[in-house]
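So the structure is just underneath, and the comments pick up after that.
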Amino acid sequence: MSTIPLTTRGAEKLKEELQRLKTVERHAVIQAIAEARAQGDLSENAEYDAAKDKQGFIEGRILEIESKLAAAQIIDPSMLDAGGRVVFGATVELEEEESGAKVTYQIVGDDEADLKLGLISISSPIARAMIGKEAGDVAEVRAPGGVKTYEIVAVRYQ
């Protein structure tokens, strides 16, 4: 099994979700199944079917999170010392060469990615183009809209 890179923040979010699923969601769906069973004939009971489907989803998600946490390589970005290179967990300030627009992204694991928060997945094209580069380097990103070039303005580990 290969390791799954996660930042410490991402690992904590997964642990919180796992705790909520096990202590709140699981018990709520068990209660819903019991209430639906009390209504009688299960063959035509939509509430029972919906509760069983939700139970299957919850149990599947619990297994998925447990396996991800078991295979996780947790990386604390503030403890990194990559000599100014872009690595997993780094926060990178970029300037698009064509428009001059500046953006800042942190490179995180697939489960943590949220573009609205400036968190991009390690497997995204822009992250792959930046890995190993330093401030002052140019990264070419092959995107669906064509090739875009970004200058790496700054690399921070926070």
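Going through the structure tokens in order, the chains are called A, B, and so on, while each chain numbers its residues from 1 and the ligands are numbered from 1 in the order shown.
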
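Near A:Leu119, within 9 Å and counting only C-alpha atoms, sit A:Thr91, A:Thr104, A:Tyr105, A:Gln106, A:Ile107, A:Val108, A:Gly109, A:Glu112, A:Ala113, A:Asp114, A:Leu115, A:Lys116, A:Leu117, A:Ser121, not including residues fewer than 2 positions from it in the same chain.
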
Q: Determine which residues of stretch 19-126 of chain A receive a DSSP assignment of strand (DSSP E), computed from the backbone, and state them as an MDAnalysis selection string.
A: chainID A and resid 72:75 91:96 102:108 119:121

Q: Find the spatial neighbours of A:Glu66, counting only C-alpha atoms, within a cut-off of 9 Å - ignore same-chain residues fewer than 5 positions away - and output them as JSON, numbers by chain.
A: {"A": [14, 15, 18, 61, 71]}

Q.
Give me, as a ChimeraX atom specification, the residues of chain A that a backbone DSSP run labels alpha helix (DSSP H).
A. /A:8-20,26-38,46-70,125-130

Q. So, counting only C-alpha atoms, which residue among A:Ala129, A:Val153, A:Ala36, A:Leu6 is closest to A:Val141?
A.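 Nearest to A:Val141: A:Ala129.
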
Q.
Considering only C-alpha atoms, can you say which of A:Asp76, A:Glu35, A:Asp137, A:Asp41 comes closest to A:Ala11?
A.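 Looking only at the distances to A:Ala11, the closest residue turns out to be A:Asp76.
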
Q. What does the distance between atom CA of A:Gly60 and atom CA of A:Lys13 come to in Å, to one decimal place?
A. 17.5 Å

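Coordinates place atom CA of A:Ile4 at a distance of 29.9 Å from atom CA of A:Val29.
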
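Taking atom CA of A:Ile152 and atom CA of A:Pro77 as endpoints, the distance between them is 18.1 Å.
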
Q | Top pick for closest residue to A:Pro125, considering A:Glu16, A:Asp81, A:Glu151, A:Glu140 and counting only C-alpha atoms | A |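 Under the stated criterion, the closest residue is A:Glu140.
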
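Using only C-alpha atoms, the protein and nucleic acid residues lying no more than 12 Å from A:Tyr157, apart from those fewer than 2 places from it along its own chain, are Thr7, Ile75, Asp76, Pro77, Ser78, Met79, Leu80, Asp81, Ala82, Gly83, Gly84, Arg85, Val86, Val87, Phe88, Gly89, Ala90, Thr91, Val92, Glu93, Tyr105, Gln106, Ile107, Ala154 and Val155 of chain A.
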
Q | Distance query A:Pro5 at most 7 Å, only C-alpha atoms, self and fewer than 5 positions along chain excluded, as a list in words | A |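 The filter keeps Ala72, Gln73, Ile74 and Gly109 of chain A.
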
Q) Any idea what's packed within 12 Å of A:Arg37, counting only C-alpha atoms, ignoring anything in its chain fewer than 5 positions away? Could you give it as a PyMOL selection string? A) chain A and resi 30-32+42-49+51-52

With N, CA and C atoms retained, export the selected residues as a short mmCIF file (atom, residue, chain, number, x, y, z; two decimals), in the first residue's frame.
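The resulting file, result-v7.cif, is reproduced below:
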data_model
loop_
_atom_site.label_atom_id
_atom_site.label_comp_id
_atom_site.auth_asym_id
_atom_site.auth_seq_id
_atom_site.Cartn_x
_atom_site.Cartn_y
_atom_site.Cartn_z
N ILE A 30 -28.82 4.17 12.83
CA ILE A 30 -29.33 2.97 13.51
C ILE A 30 -30.71 3.26 14.10
N GLN A 31 -30.86 4.45 14.68
CA GLN A 31 -32.16 4.85 15.24
C GLN A 31 -33.21 4.97 14.12
N ALA A 32 -32.82 5.53 12.98
CA ALA A 32 -33.75 5.68 11.85
C ALA A 32 -34.19 4.31 11.33
N LEU A 42 -41.50 -4.08 5.58
CA LEU A 42 -40.25 -3.48 5.10
C LEU A 42 -40.15 -3.47 3.58
N SER A 43 -40.94 -4.30 2.90
CA SER A 43 -40.82 -4.42 1.44
C SER A 43 -41.24 -3.13 0.72
N GLU A 44 -42.12 -2.35 1.34
CA GLU A 44 -42.58 -1.11 0.70
C GLU A 44 -42.29 0.10 1.58
N ASN A 45 -41.26 0.02 2.39
CA ASN A 45 -40.96 1.07 3.34
C ASN A 45 -39.78 1.91 2.82
N ALA A 46 -40.11 3.09 2.28
CA ALA A 46 -39.08 3.96 1.70
C ALA A 46 -38.11 4.48 2.75
N GLU A 47 -38.62 4.76 3.95
CA GLU A 47 -37.75 5.25 5.03
C GLU A 47 -36.70 4.20 5.40
N TYR A 48 -37.11 2.95 5.42
CA TYR A 48 -36.19 1.87 5.75
C TYR A 48 -35.10 1.77 4.67
N ASP A 49 -35.53 1.79 3.40
CA ASP A 49 -34.57 1.72 2.29
C ASP A 49 -33.58 2.88 2.33
N ALA A 51 -32.72 4.71 4.94
CA ALA A 51 -31.84 4.57 6.11
C ALA A 51 -30.78 3.51 5.87
N LYS A 52 -31.13 2.40 5.23
CA LYS A 52 -30.15 1.36 4.93
C LYS A 52 -29.10 1.88 3.93
#

Q | Selected residue, from A:Val103, A:Glu64, A:Glu96, A:Tyr150, that lies nearest to A:Ile120 when counting only C-alpha atoms | A |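 The shortest atom-to-atom distance to A:Ile120 comes from A:Val103.
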